[in-house]
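To be precise, the following lines are coords-v4.cif, and they hold mmCIF, C-alpha atoms.
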data_input
#
loop_
_atom_site.label_atom_id
_atom_site.label_comp_id
_atom_site.auth_asym_id
_atom_site.auth_seq_id
_atom_site.Cartn_x
_atom_site.Cartn_y
_atom_site.Cartn_z
CA MET A 179 114.08 175.28 1.39
CA ARG A 180 113.08 175.51 5.06
CA HIS A 181 109.67 176.70 4.00
CA LYS A 182 109.27 173.63 1.78
CA GLU A 183 110.30 171.28 4.59
CA LEU A 184 107.81 172.81 6.97
CA LYS A 185 105.08 172.51 4.36
CA MET A 186 105.89 168.85 3.91
CA LYS A 187 105.82 168.25 7.67
CA ILE A 188 102.40 169.83 7.94
CA LYS A 189 101.20 167.70 5.05
CA ILE A 190 102.44 164.51 6.70
CA THR A 191 100.94 165.45 10.05
CA LEU A 192 97.61 166.23 8.41
CA SER A 193 97.65 162.94 6.51
CA ILE A 194 98.33 160.98 9.67
CA LEU A 195 95.54 162.81 11.47
CA ALA A 196 93.16 162.12 8.59
CA ILE A 197 94.07 158.44 8.62
CA VAL A 198 93.61 158.15 12.36
CA ALA A 199 90.25 159.92 12.17
CA GLY A 200 89.25 157.73 9.22
CA LEU A 201 90.28 154.60 11.07
CA ALA A 202 88.39 155.64 14.18
CA ALA A 203 85.29 156.36 12.11
CA GLY A 204 85.76 153.12 10.17
CA PHE A 205 86.16 151.12 13.33
CA TYR A 206 83.11 152.78 14.80
CA PHE A 207 80.92 152.02 11.81
CA PHE A 208 82.32 148.64 10.86
CA ARG A 209 83.17 147.22 14.26
CA PRO A 210 81.95 143.68 14.61
CA HIS A 211 78.50 143.47 16.14
CA THR A 212 78.65 142.31 19.72
CA PHE A 213 75.57 140.23 20.36
CA HIS A 214 73.65 140.70 23.58
CA GLY A 215 72.45 137.12 23.48
CA THR A 216 74.72 134.09 23.52
CA VAL A 217 75.74 133.08 20.00
CA ILE A 218 75.45 129.39 19.13
CA GLN A 219 77.36 128.02 16.15
CA SER A 220 75.00 125.12 15.53
CA PRO A 221 76.33 122.75 12.91
CA GLU A 222 72.81 121.71 11.90
CA PRO A 223 69.33 123.24 11.68
CA ALA A 224 67.21 123.54 14.81
CA TYR A 225 64.66 120.80 15.52
CA ASP A 226 61.71 121.26 13.17
CA PHE A 227 58.61 120.82 15.31
CA THR A 228 55.00 120.77 14.13
CA LEU A 229 52.42 121.93 16.68
CA ALA A 230 48.79 123.04 16.63
CA SER A 231 47.51 126.63 16.36
CA THR A 232 44.12 128.18 15.56
CA LYS A 233 45.28 128.39 11.93
CA GLY A 234 46.14 124.70 11.74
CA ASP A 235 49.50 123.01 12.14
CA VAL A 236 52.52 125.27 12.45
CA SER A 237 56.06 124.05 11.72
CA LEU A 238 59.27 125.90 12.38
CA SER A 239 60.19 125.35 8.72
CA ASP A 240 57.07 127.27 7.60
CA TYR A 241 58.99 130.41 8.52
CA ARG A 242 62.26 129.66 6.70
CA GLY A 243 63.53 133.00 5.40
CA LYS A 244 62.35 134.88 8.48
CA LEU A 245 63.97 135.24 11.87
CA VAL A 246 61.98 133.13 14.30
CA LEU A 247 61.85 133.80 18.01
CA ILE A 248 60.68 130.89 20.12
CA TYR A 249 59.40 131.35 23.63
CA PHE A 250 58.09 128.61 25.90
CA GLY A 251 55.48 129.56 28.49
CA TYR A 252 51.77 129.38 29.32
CA THR A 253 48.90 131.85 29.47
CA PHE A 254 48.34 131.53 33.23
CA CYS A 255 52.00 132.53 33.72
CA PRO A 256 51.84 135.29 36.32
CA ASP A 257 54.99 137.28 35.66
CA ILE A 258 57.89 136.27 33.49
CA CYS A 259 55.99 135.24 30.33
CA PRO A 260 54.07 138.51 29.94
CA ALA A 261 57.25 140.48 30.66
CA THR A 262 59.23 138.69 27.95
CA LEU A 263 56.40 138.74 25.39
CA ALA A 264 55.79 142.44 26.01
CA ASN A 265 59.51 143.12 25.44
CA VAL A 266 59.50 141.20 22.16
CA GLY A 267 56.33 143.03 21.05
CA GLN A 268 57.93 146.38 21.82
CA SER A 269 61.13 145.37 19.99
CA LEU A 270 59.12 144.49 16.88
CA ARG A 271 57.35 147.85 16.98
CA GLU A 272 60.77 149.52 17.13
CA LEU A 273 61.89 147.58 14.06
CA GLY A 274 59.01 149.08 12.05
CA GLU A 275 58.52 147.48 8.64
CA LYS A 276 61.49 145.20 9.14
CA ALA A 277 59.44 143.37 11.76
CA ASP A 278 57.57 141.68 8.89
CA ASP A 279 60.64 139.42 8.64
CA VAL A 280 60.44 138.39 12.29
CA GLN A 281 58.03 135.80 13.67
CA LEU A 282 57.52 134.99 17.32
CA ILE A 283 56.15 131.56 18.18
CA MET A 284 55.02 130.96 21.72
CA VAL A 285 54.91 127.28 22.65
CA SER A 286 52.48 126.64 25.49
CA LEU A 287 53.66 124.06 27.99
CA ASP A 288 50.17 123.85 29.52
CA PRO A 289 48.07 121.81 27.07
CA GLU A 290 45.44 121.13 29.74
CA ARG A 291 44.39 124.75 30.06
CA ASP A 292 45.77 126.47 26.94
CA THR A 293 43.61 125.68 23.94
CA PRO A 294 44.81 127.09 20.60
CA GLU A 295 41.97 129.67 20.78
CA LYS A 296 42.97 130.82 24.24
CA LEU A 297 46.60 131.03 23.15
CA ALA A 298 45.84 133.02 20.00
CA ASP A 299 43.84 135.48 22.05
CA TYR A 300 46.63 135.76 24.63
CA VAL A 301 49.58 136.30 22.28
CA GLY A 302 47.56 138.78 20.21
CA HIS A 303 47.61 141.18 23.15
CA PHE A 304 51.39 141.53 22.83
CA HIS A 305 51.72 141.82 19.05
CA PRO A 306 49.28 141.01 16.23
CA SER A 307 51.84 138.87 14.40
CA PHE A 308 52.56 136.51 17.31
CA VAL A 309 51.61 132.86 16.88
CA GLY A 310 50.76 130.52 19.76
CA VAL A 311 51.11 126.75 19.43
CA THR A 312 50.66 123.73 21.65
CA GLY A 313 50.51 119.97 21.39
CA THR A 314 50.19 116.74 23.29
CA GLN A 315 52.28 116.20 26.41
CA ASP A 316 54.61 113.87 24.49
CA GLU A 317 55.08 116.36 21.67
CA LEU A 318 55.78 119.16 24.12
CA ASP A 319 58.21 117.01 26.12
CA THR A 320 60.23 116.43 22.96
CA VAL A 321 60.22 120.01 21.70
CA ALA A 322 61.02 121.48 25.11
CA SER A 323 63.85 119.05 25.79
CA LEU A 324 65.49 119.67 22.43
CA TYR A 325 65.37 123.43 22.95
CA GLY A 326 66.90 123.07 26.41
CA ILE A 327 63.67 124.01 28.17
CA PHE A 328 62.98 122.21 31.43
CA TYR A 329 59.43 122.48 32.76
CA GLU A 330 57.37 120.99 35.55
CA LYS A 331 54.04 121.57 37.23
CA ALA A 332 54.21 123.38 40.55
CA GLU A 333 51.65 124.21 43.16
CA GLY A 334 49.99 127.59 42.94
CA THR A 335 47.30 129.35 44.93
CA ASP A 336 43.52 129.06 44.61
CA ASN A 337 43.61 132.15 42.44
CA THR A 338 46.25 131.01 39.99
CA GLY A 339 45.63 127.27 39.91
CA TYR A 340 48.75 125.19 39.34
CA LEU A 341 51.86 126.91 38.02
CA ILE A 342 54.41 125.65 35.54
CA ASN A 343 58.03 126.33 36.29
CA HIS A 344 60.00 126.55 33.07
CA THR A 345 63.31 127.66 31.65
CA ALA A 346 62.69 131.24 30.54
CA THR A 347 65.17 131.69 27.71
CA LEU A 348 64.17 133.35 24.45
CA LEU A 349 65.59 131.59 21.38
CA VAL A 350 66.34 133.10 17.98
CA ILE A 351 66.41 130.97 14.82
CA ASP A 352 68.11 132.55 11.81
CA ARG A 353 66.70 132.79 8.29
CA GLU A 354 68.24 129.43 7.35
CA GLY A 355 66.67 127.64 10.30
CA TYR A 356 69.72 127.44 12.58
CA LEU A 357 69.55 128.29 16.27
CA LYS A 358 71.68 131.42 16.42
CA LEU A 359 71.00 133.23 19.70
CA VAL A 360 69.89 132.50 23.22
CA PHE A 361 68.62 135.41 25.30
CA PRO A 362 68.45 134.93 29.04
CA PHE A 363 65.35 136.02 30.97
CA GLY A 364 65.54 139.75 31.64
CA VAL A 365 66.81 140.75 28.22
CA THR A 366 65.72 144.32 27.44
CA VAL A 367 63.92 145.84 24.45
CA PRO A 368 67.00 147.69 23.10
CA GLU A 369 69.09 144.52 23.41
CA ILE A 370 66.57 142.39 21.51
CA ALA A 371 66.02 145.08 18.87
CA ASP A 372 69.78 145.62 18.40
CA ASP A 373 70.53 141.93 17.80
CA LEU A 374 67.50 141.44 15.55
CA LYS A 375 68.41 144.51 13.48
CA TYR A 376 71.87 143.11 12.94
CA MET A 377 70.57 139.67 12.00
CA LEU A 378 68.03 141.19 9.60
CA ARG A 379 70.86 142.87 7.71
CA GLN A 380 72.63 139.54 7.19
CA MET B 179 100.47 164.20 -0.60
CA ASN B 180 98.44 161.55 -2.42
CA LYS B 181 101.35 159.18 -2.42
CA TYR B 182 101.87 159.55 1.33
CA LEU B 183 98.19 159.17 2.05
CA LEU B 184 97.92 156.11 -0.15
CA ASN B 185 101.02 154.50 1.38
CA GLY B 186 99.67 155.26 4.82
CA ILE B 187 96.31 153.69 4.06
CA TYR B 188 97.95 150.65 2.48
CA SER B 189 100.24 150.04 5.41
CA ILE B 190 97.42 150.40 7.92
CA LEU B 191 95.20 148.05 5.95
CA ALA B 192 98.08 145.58 5.75
CA LEU B 193 98.55 145.92 9.50
CA ILE B 194 94.89 145.16 10.16
CA ILE B 195 94.91 142.11 7.89
CA LEU B 196 98.21 140.95 9.38
CA SER B 197 96.95 141.25 12.94
CA ALA B 198 93.73 139.40 12.09
CA PHE B 199 95.88 136.73 10.46
CA ALA B 200 98.21 136.64 13.47
CA PHE B 201 95.18 136.32 15.76
CA LYS B 202 94.07 133.31 13.77
CA VAL B 203 97.54 131.72 13.56
CA PHE B 204 98.91 132.36 17.03
CA GLN B 205 95.51 132.13 18.74
CA PRO B 206 96.28 134.27 21.79
CA ILE B 207 92.84 133.26 23.04
CA GLN B 208 91.50 129.77 22.62
CA VAL B 209 87.87 128.88 23.04
CA LEU B 210 85.58 125.91 22.68
CA PRO B 211 82.76 126.25 20.15
CA ARG B 212 79.21 126.78 21.38
CA MET B 213 77.90 123.80 19.47
CA GLN B 214 74.26 123.47 20.44
CA LEU B 215 71.86 123.50 23.36
CA SER B 216 72.09 120.59 25.71
CA PRO B 217 68.69 118.88 26.03
CA ALA B 218 66.56 119.54 29.10
CA PHE B 219 65.58 116.55 31.21
CA ALA B 220 64.23 115.22 34.49
CA LEU B 221 65.82 111.87 35.35
CA THR B 222 65.92 109.67 38.45
CA ASP B 223 69.33 109.13 40.00
CA GLN B 224 70.96 106.30 41.95
CA ASN B 225 69.41 107.55 45.20
CA ASN B 226 65.95 107.56 43.65
CA GLU B 227 66.11 111.35 43.64
CA ARG B 228 65.19 113.58 40.77
CA LEU B 229 68.03 115.00 38.69
CA THR B 230 67.11 117.77 36.25
CA SER B 231 69.04 119.80 33.74
CA GLU B 232 68.18 122.90 35.78
CA ASP B 233 69.86 121.38 38.88
CA LEU B 234 73.08 121.35 36.86
CA ARG B 235 72.87 124.91 35.56
CA GLY B 236 75.92 126.95 36.52
CA GLN B 237 78.18 123.90 36.60
CA PHE B 238 80.35 122.24 33.99
CA VAL B 239 78.91 118.79 33.34
CA LEU B 240 80.51 115.83 31.62
CA TYR B 241 77.91 113.38 30.33
CA ASN B 242 78.32 109.82 29.15
CA PHE B 243 75.92 107.05 28.24
CA THR B 244 76.25 103.38 29.05
CA TYR B 245 74.50 100.44 30.74
CA THR B 246 75.63 98.51 33.78
CA ASN B 247 75.16 95.12 32.13
CA CYS B 248 77.62 95.96 29.39
CA PRO B 249 79.62 92.72 29.09
CA THR B 250 83.35 92.96 29.53
CA PRO B 251 85.31 94.01 27.66
CA CYS B 252 83.05 97.07 27.61
CA TYR B 253 84.30 100.51 26.59
CA ASN B 254 86.20 101.72 29.56
CA MET B 255 84.57 105.03 30.26
CA ASN B 256 84.62 104.93 34.03
CA ASP B 257 88.41 105.12 34.30
CA THR B 258 88.37 108.31 32.26
CA ILE B 259 85.87 109.92 34.62
CA LEU B 260 87.74 108.70 37.70
CA GLU B 261 90.95 110.18 36.28
CA VAL B 262 89.35 113.53 35.43
CA GLN B 263 87.75 113.69 38.84
CA SER B 264 90.99 112.93 40.68
CA ARG B 265 92.99 115.44 38.63
CA LEU B 266 90.50 118.35 38.83
CA ASP B 267 92.86 120.28 41.12
CA GLU B 268 95.22 120.67 38.12
CA VAL B 269 92.65 122.99 36.55
CA GLU B 270 91.92 126.59 37.55
CA LEU B 271 88.15 126.46 37.87
CA ASP B 272 87.54 129.55 40.02
CA GLY B 273 85.04 127.73 42.15
CA ILE B 274 82.90 126.48 39.28
CA ASP B 275 81.66 122.99 40.15
CA VAL B 276 82.27 120.10 37.79
CA SER B 277 79.70 117.30 37.74
CA PHE B 278 79.64 113.97 36.00
CA VAL B 279 76.40 112.42 34.84
CA THR B 280 76.26 108.87 33.53
CA ILE B 281 72.92 108.22 31.87
CA SER B 282 71.88 104.60 31.55
CA ILE B 283 70.43 103.55 28.20
CA ASP B 284 68.87 100.46 29.84
CA PRO B 285 66.22 101.78 32.27
CA GLU B 286 64.48 98.41 32.45
CA HIS B 287 67.45 96.79 34.13
CA ASP B 288 69.20 99.86 35.59
CA THR B 289 66.86 100.77 38.42
CA PRO B 290 68.10 103.25 41.04
CA GLU B 291 69.15 100.26 43.23
CA VAL B 292 71.20 98.73 40.42
CA LEU B 293 72.79 102.09 39.61
CA ASN B 294 73.55 102.62 43.28
CA SER B 295 75.45 99.37 43.66
CA TYR B 296 77.16 99.96 40.30
CA ALA B 297 78.41 103.34 41.58
CA LYS B 298 79.76 101.64 44.70
CA THR B 299 81.48 98.90 42.67
CA ILE B 300 83.46 101.38 40.58
CA GLY B 301 84.20 103.57 43.60
CA ALA B 302 82.49 106.68 42.23
CA ASP B 303 82.34 109.80 44.39
CA THR B 304 78.57 110.23 44.08
CA GLU B 305 78.60 113.79 45.43
CA ALA B 306 79.76 114.93 42.01
CA TRP B 307 79.03 111.85 39.90
CA LYS B 308 75.39 110.93 39.31
CA PHE B 309 74.01 107.83 37.65
CA ALA B 310 70.56 108.42 36.27
CA THR B 311 67.94 107.38 33.76
CA THR B 312 64.22 107.58 33.05
CA THR B 313 61.68 104.82 32.46
CA ASN B 314 60.11 106.92 29.70
CA LYS B 315 62.03 105.19 26.91
CA ALA B 316 60.79 107.45 24.12
CA LEU B 317 61.91 110.53 26.00
CA LEU B 318 65.24 108.89 26.87
CA LYS B 319 65.83 108.31 23.16
CA THR B 320 64.95 111.95 22.45
CA ILE B 321 67.33 113.20 25.14
CA ILE B 322 70.31 111.02 24.23
CA GLY B 323 69.70 110.37 20.53
CA SER B 324 68.42 113.76 19.35
CA GLY B 325 69.56 116.01 22.21
CA PHE B 326 73.09 114.73 22.80
CA GLU B 327 73.24 113.28 19.28
CA THR B 328 74.62 110.05 20.63
CA TYR B 329 73.66 106.74 19.09
CA TYR B 330 72.43 103.72 21.02
CA GLU B 331 70.24 100.80 20.14
CA ASP B 332 68.54 98.02 22.06
CA LYS B 333 69.80 94.79 20.52
CA GLY B 334 67.27 92.73 22.46
CA ASN B 335 68.11 90.14 25.15
CA GLY B 336 69.62 92.87 27.32
CA ASP B 337 72.37 93.91 24.92
CA PHE B 338 72.89 97.41 23.60
CA ALA B 339 75.02 98.93 20.90
CA PHE B 340 76.16 102.44 21.79
CA ASP B 341 78.60 105.21 21.04
CA PRO B 342 80.99 105.58 23.99
CA ALA B 343 80.92 109.38 23.83
CA PHE B 344 81.59 112.04 26.42
CA ILE B 345 79.78 115.37 26.08
CA LEU B 346 80.95 118.51 27.89
CA VAL B 347 78.25 121.08 28.73
CA ASP B 348 78.85 124.53 30.22
CA GLY B 349 76.94 126.39 32.93
CA TRP B 350 74.50 127.88 30.40
CA GLY B 351 73.50 124.43 29.17
CA ILE B 352 75.46 124.72 25.94
CA VAL B 353 77.39 121.77 24.51
CA ARG B 354 81.05 122.82 24.24
CA ALA B 355 82.87 119.61 23.33
CA GLU B 356 82.27 116.03 22.30
CA TYR B 357 84.78 113.24 22.78
CA ARG B 358 83.90 110.43 20.41
CA TYR B 359 87.11 109.10 18.96
CA SER B 360 90.30 108.32 20.77
CA THR B 361 93.18 110.50 19.72
CA GLU B 362 96.85 110.40 20.65
CA VAL B 363 95.99 112.48 23.67
CA THR B 364 93.78 110.65 26.12
CA HIS B 365 90.22 111.82 26.65
CA ALA B 366 91.06 112.68 30.27
CA ASP B 367 93.91 115.00 29.23
CA ARG B 368 91.75 116.78 26.68
CA ILE B 369 88.75 117.04 29.00
CA LEU B 370 90.91 118.57 31.75
CA ARG B 371 92.46 121.04 29.32
CA HIS B 372 89.03 121.97 27.97
CA LEU B 373 87.62 122.53 31.46
CA GLY B 374 90.45 125.03 31.94
CA VAL B 375 89.61 126.74 28.63
CA ILE B 376 85.92 127.27 29.42
CA ALA B 377 86.66 128.35 32.99
CA GLU B 378 89.15 130.90 31.63
CA GLU B 379 86.50 132.24 29.25
CA VAL B 380 84.07 132.72 32.14
CA ARG B 381 86.83 134.53 34.04
CA ASN B 382 88.11 136.79 31.25
CA SER B 383 85.27 137.48 28.85
CA THR B 384 83.94 140.56 30.56
CA GLY B 385 84.16 144.16 29.38
CA SER B 386 86.58 144.56 26.48
CA GLY B 387 87.67 140.98 27.06
CA LYS B 388 84.30 139.93 25.71
CA LEU B 389 85.14 141.46 22.33
CA ALA B 390 88.39 139.51 22.19
CA TYR B 391 86.61 136.29 23.12
CA GLU B 392 83.87 136.84 20.55
CA ALA B 393 86.63 137.43 17.98
CA ALA B 394 88.18 134.12 19.00
CA HIS B 395 84.79 132.43 18.42
CA LEU B 396 84.41 134.23 15.09
CA PHE B 397 87.89 133.17 13.94
CA LEU B 398 87.25 129.62 15.17
CA CYS B 399 90.27 129.68 17.49
CA TYR B 400 89.30 126.32 18.92
CA ALA B 401 91.43 124.64 21.55
CA PRO B 402 92.73 121.29 20.27
#

Since I need it in another form, could you write the structure as structure tokens?
Amino acid sequence: MRHKELKMKIKITLSILAIVAGLAAGFYFFRPHTFHGTVIQSPEPAYDFTLASTKGDVSLSDYRGKLVLIYFGYTFCPDICPATLANVGQSLRELGEKADDVQLIMVSLDPERDTPEKLADYVGHFHPSFVGVTGTQDELDTVASLYGIFYEKAEGTDNTGYLINHTATLLVIDREGYLKLVFPFGVTVPEIADDLKYMLRQ
Amino acid sequence: MNKYLLNGIYSILALIILSAFAFKVFQPIQVLPRMQLSPAFALTDQNNERLTSEDLRGQFVLYNFTYTNCPTPCYNMNDTILEVQSRLDEVELDGIDVSFVTISIDPEHDTPEVLNSYAKTIGADTEAWKFATTTNKALLKTIIGSGFETYYEDKGNGDFAFDPAFILVDGWGIVRAEYRYSTEVTHADRILRHLGVIAEEVRNSTGSGKLAYEAAHLFLCYAP
């Protein structure tokens, strides 16, 4: 009788241990993804712009079904633009084949100096899939404002020419065309790759 | 053995579902939705100084849209702002500044001088309450109409139709609340409560608190 009781106790203890271990493992594997960027629950699709590239007009909606990263900058940008674009390029290389479902669009805020050709050449240095677009001042004013990007010309040196100060956020549009994530400047390669991987599984 | 294991698993599953349900029902944490990006802009204020969206980064900003020539009875939006401003000490803001920006939809008439005297007439504290607009009418329409999704229309002969909305934007430039229709609770009461909610999120959503706050966003635990 005592032997039986002991056996039962061991069984119960083992079961509880197994459940706890299972739960811990389950929680670890199925825990909700914590985004590194700020999640936006937009009730409607992001503004569908159409701007010029070397391959003709490019609209946001051309890439429906892919994740679209939008970055605003300019090719004369001395520091923050290359840093962000290099990080996105590296993130895409880490995603491997899955990167085929991700498209970065760089919108140049410097239509005076950035021709579509110059832009295409510039973005190609960071990743072959990157697309660079630009437009008239009025078009750019609208697109930038609606994506929360403030920009203005600023004085530079003789070497750099004028500079353009601009909001340096990196925006992620989901496969359905909704703005989903906002990365602040300084976001790292693992952070970008982690959030993109999660969104690609959705 | 199997029976115990199964019962154990069932009760733990039930517990998880129950606690998720309780989280949704009792809403231990309330948040405001992150609705969309607030538009970027460079406007001119009542002192003929530039006011940009970047100047306001890091602050909570309450926007509204009107024109100074609005014939009485006009929507009374100023009293709401005056009340919120005077009752700000009721809210725990942890040093986060709150600004008010009234954007004029009538830049032709509402020059900086006109806006300046308008601010004086209503007794606005212009340290924290700016009156601004831009003479670029197309861009103004983009900012207010598409960016803040607030309707207005030039009726000609100096009259405008407009939606008397308030829009609350957080320090990251994200729209967190819109106040378009009067409810039983006054706009001022709701705005003050909401300022407290977003300040609390800034204060508490660090470390493991962030997980709880993201869960609150996921479960749509929105403050009324």

- May I ask you to extract the residues of chain B within 7 Å of chain A, using only C-alpha atoms, and to give them as number ranges by chain? B: 179, 183, 187, 211-219, 231-232, 317, 320-321, 325

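Using all atoms listed in the file for every distance, the candidate list B:Thr304, B:Asn226, B:Thr246, B:Thr311 yields B:Thr304 as the residue closest to Ser277 in chain B.
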
- Is there a way to get, as a ChimeraX atom specification, all residues within 12 Å of the point (89.6, 125.2, 27.8) in file coordinates, counting all atoms listed in the file? /B:207-211,238,269-271,346,348,354-355,367-381,399-402

Can you write just those residues out, C-alpha atoms, as a CSV table (one decimal), keeping the file's coordinate frame?
chain,number,residue,atom,x,y,z
B,207,ILE,CA,92.8,133.3,23.0
B,208,GLN,CA,91.5,129.8,22.6
B,209,VAL,CA,87.9,128.9,23.0
B,210,LEU,CA,85.6,125.9,22.7
B,211,PRO,CA,82.8,126.2,20.2
B,238,PHE,CA,80.4,122.2,34.0
B,269,VAL,CA,92.6,123.0,36.6
B,270,GLU,CA,91.9,126.6,37.6
B,271,LEU,CA,88.2,126.5,37.9
B,346,LEU,CA,81.0,118.5,27.9
B,348,ASP,CA,78.8,124.5,30.2
B,354,ARG,CA,81.0,122.8,24.2
B,355,ALA,CA,82.9,119.6,23.3
B,367,ASP,CA,93.9,115.0,29.2
B,368,ARG,CA,91.8,116.8,26.7
B,369,ILE,CA,88.8,117.0,29.0
B,370,LEU,CA,90.9,118.6,31.8
B,371,ARG,CA,92.5,121.0,29.3
B,372,HIS,CA,89.0,122.0,28.0
B,373,LEU,CA,87.6,122.5,31.5
B,374,GLY,CA,90.4,125.0,31.9
B,375,VAL,CA,89.6,126.7,28.6
B,376,ILE,CA,85.9,127.3,29.4
B,377,ALA,CA,86.7,128.4,33.0
B,378,GLU,CA,89.2,130.9,31.6
B,379,GLU,CA,86.5,132.2,29.2
B,380,VAL,CA,84.1,132.7,32.1
B,381,ARG,CA,86.8,134.5,34.0
B,399,CYS,CA,90.3,129.7,17.5
B,400,TYR,CA,89.3,126.3,18.9
B,401,ALA,CA,91.4,124.6,21.6
B,402,PRO,CA,92.7,121.3,20.3

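Taking CA of Thr312 in chain B and CA of Asp288 in chain A as the two end points, the separation is 21.8 Å.
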
Kindly provide the residues of range 302-326 of chain A that approach range 232-253 of chain A to within 9 Å, each paired with its closest atom pair and their distance in Å to one decimal, based on all atoms listed in the file, listed by chain and increasing number, as JSON lines.
{"residue": "A:Val309", "atom": "CA", "partner": "A:Val236", "partner_atom": "CA", "distance": 8.8}
{"residue": "A:Gly310", "atom": "CA", "partner": "A:Thr232", "partner_atom": "CA", "distance": 8.2}
{"residue": "A:Val311", "atom": "CA", "partner": "A:Val236", "partner_atom": "CA", "distance": 7.3}
{"residue": "A:Ala322", "atom": "CA", "partner": "A:Phe250", "partner_atom": "CA", "distance": 7.7}

Next, dump the selected residues to file, keeping only C-alpha atoms, as a compact mmCIF listing (two decimals), in the coordinates of the input.
# COMPACT_ATOMS: atom_id res chain seq x y z
CA VAL A 309 51.61 132.86 16.88
CA GLY A 310 50.76 130.52 19.76
CA VAL A 311 51.11 126.75 19.43
CA ALA A 322 61.02 121.48 25.11

- Task: Name the residues captured by the PyMOL selection byres ((chain A and resi 313) around 7) when it is applied to the shown file; answer as a PyMOL selection string.
- Result: chain A and resi 229-230+289+312+314-315+317-318

Reconstruct range 224-240 of chain A at the level of N, CA and C atoms, and format the result as a PDB file, keeping the file's coordinate frame.
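Just written: part-v4.pdb:
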ATOM      1  N   ALA A 224      67.927 123.788  13.558  1.00  0.00           N
ATOM      2  CA  ALA A 224      67.210 123.540  14.810  1.00  0.00           C
ATOM      3  C   ALA A 224      66.092 122.527  14.557  1.00  0.00           C
ATOM      4  N   TYR A 225      65.694 121.832  15.605  1.00  0.00           N
ATOM      5  CA  TYR A 225      64.660 120.800  15.520  1.00  0.00           C
ATOM      6  C   TYR A 225      63.381 121.384  14.931  1.00  0.00           C
ATOM      7  N   ASP A 226      62.891 120.754  13.872  1.00  0.00           N
ATOM      8  CA  ASP A 226      61.710 121.260  13.170  1.00  0.00           C
ATOM      9  C   ASP A 226      60.446 120.634  13.747  1.00  0.00           C
ATOM     10  N   PHE A 227      59.831 121.343  14.686  1.00  0.00           N
ATOM     11  CA  PHE A 227      58.610 120.820  15.310  1.00  0.00           C
ATOM     12  C   PHE A 227      57.381 121.179  14.485  1.00  0.00           C
ATOM     13  N   THR A 228      56.310 120.433  14.699  1.00  0.00           N
ATOM     14  CA  THR A 228      55.000 120.770  14.130  1.00  0.00           C
ATOM     15  C   THR A 228      53.994 120.714  15.267  1.00  0.00           C
ATOM     16  N   LEU A 229      53.371 121.859  15.574  1.00  0.00           N
ATOM     17  CA  LEU A 229      52.420 121.930  16.680  1.00  0.00           C
ATOM     18  C   LEU A 229      51.141 122.633  16.204  1.00  0.00           C
ATOM     19  N   ALA A 230      50.106 122.558  17.049  1.00  0.00           N
ATOM     20  CA  ALA A 230      48.790 123.040  16.630  1.00  0.00           C
ATOM     21  C   ALA A 230      48.564 124.506  16.995  1.00  0.00           C
ATOM     22  N   SER A 231      47.928 125.255  16.077  1.00  0.00           N
ATOM     23  CA  SER A 231      47.510 126.630  16.360  1.00  0.00           C
ATOM     24  C   SER A 231      46.062 126.776  15.872  1.00  0.00           C
ATOM     25  N   THR A 232      45.489 127.966  16.044  1.00  0.00           N
ATOM     26  CA  THR A 232      44.120 128.180  15.560  1.00  0.00           C
ATOM     27  C   THR A 232      44.096 128.136  14.030  1.00  0.00           C
ATOM     28  N   LYS A 233      45.238 128.388  13.403  1.00  0.00           N
ATOM     29  CA  LYS A 233      45.280 128.390  11.930  1.00  0.00           C
ATOM     30  C   LYS A 233      45.809 127.063  11.401  1.00  0.00           C
ATOM     31  N   GLY A 234      45.659 126.006  12.179  1.00  0.00           N
ATOM     32  CA  GLY A 234      46.140 124.700  11.740  1.00  0.00           C
ATOM     33  C   GLY A 234      47.548 124.429  12.239  1.00  0.00           C
ATOM     34  N   ASP A 235      48.170 123.388  11.678  1.00  0.00           N
ATOM     35  CA  ASP A 235      49.500 123.010  12.140  1.00  0.00           C
ATOM     36  C   ASP A 235      50.536 124.068  11.751  1.00  0.00           C
ATOM     37  N   VAL A 236      51.448 124.316  12.681  1.00  0.00           N
ATOM     38  CA  VAL A 236      52.520 125.270  12.450  1.00  0.00           C
ATOM     39  C   VAL A 236      53.853 124.539  12.619  1.00  0.00           C
ATOM     40  N   SER A 237      54.716 124.631  11.620  1.00  0.00           N
ATOM     41  CA  SER A 237      56.060 124.050  11.720  1.00  0.00           C
ATOM     42  C   SER A 237      57.076 125.167  11.727  1.00  0.00           C
ATOM     43  N   LEU A 238      58.197 124.911  12.392  1.00  0.00           N
ATOM     44  CA  LEU A 238      59.270 125.900  12.380  1.00  0.00           C
ATOM     45  C   LEU A 238      59.665 126.217  10.939  1.00  0.00           C
ATOM     46  N   SER A 239      59.717 125.168  10.098  1.00  0.00           N
ATOM     47  CA  SER A 239      60.190 125.350   8.720  1.00  0.00           C
ATOM     48  C   SER A 239      59.236 126.180   7.862  1.00  0.00           C
ATOM     49  N   ASP A 240      57.987 126.390   8.331  1.00  0.00           N
ATOM     50  CA  ASP A 240      57.070 127.270   7.600  1.00  0.00           C
ATOM     51  C   ASP A 240      57.635 128.676   7.501  1.00  0.00           C
TER      52      ASP A 240
END
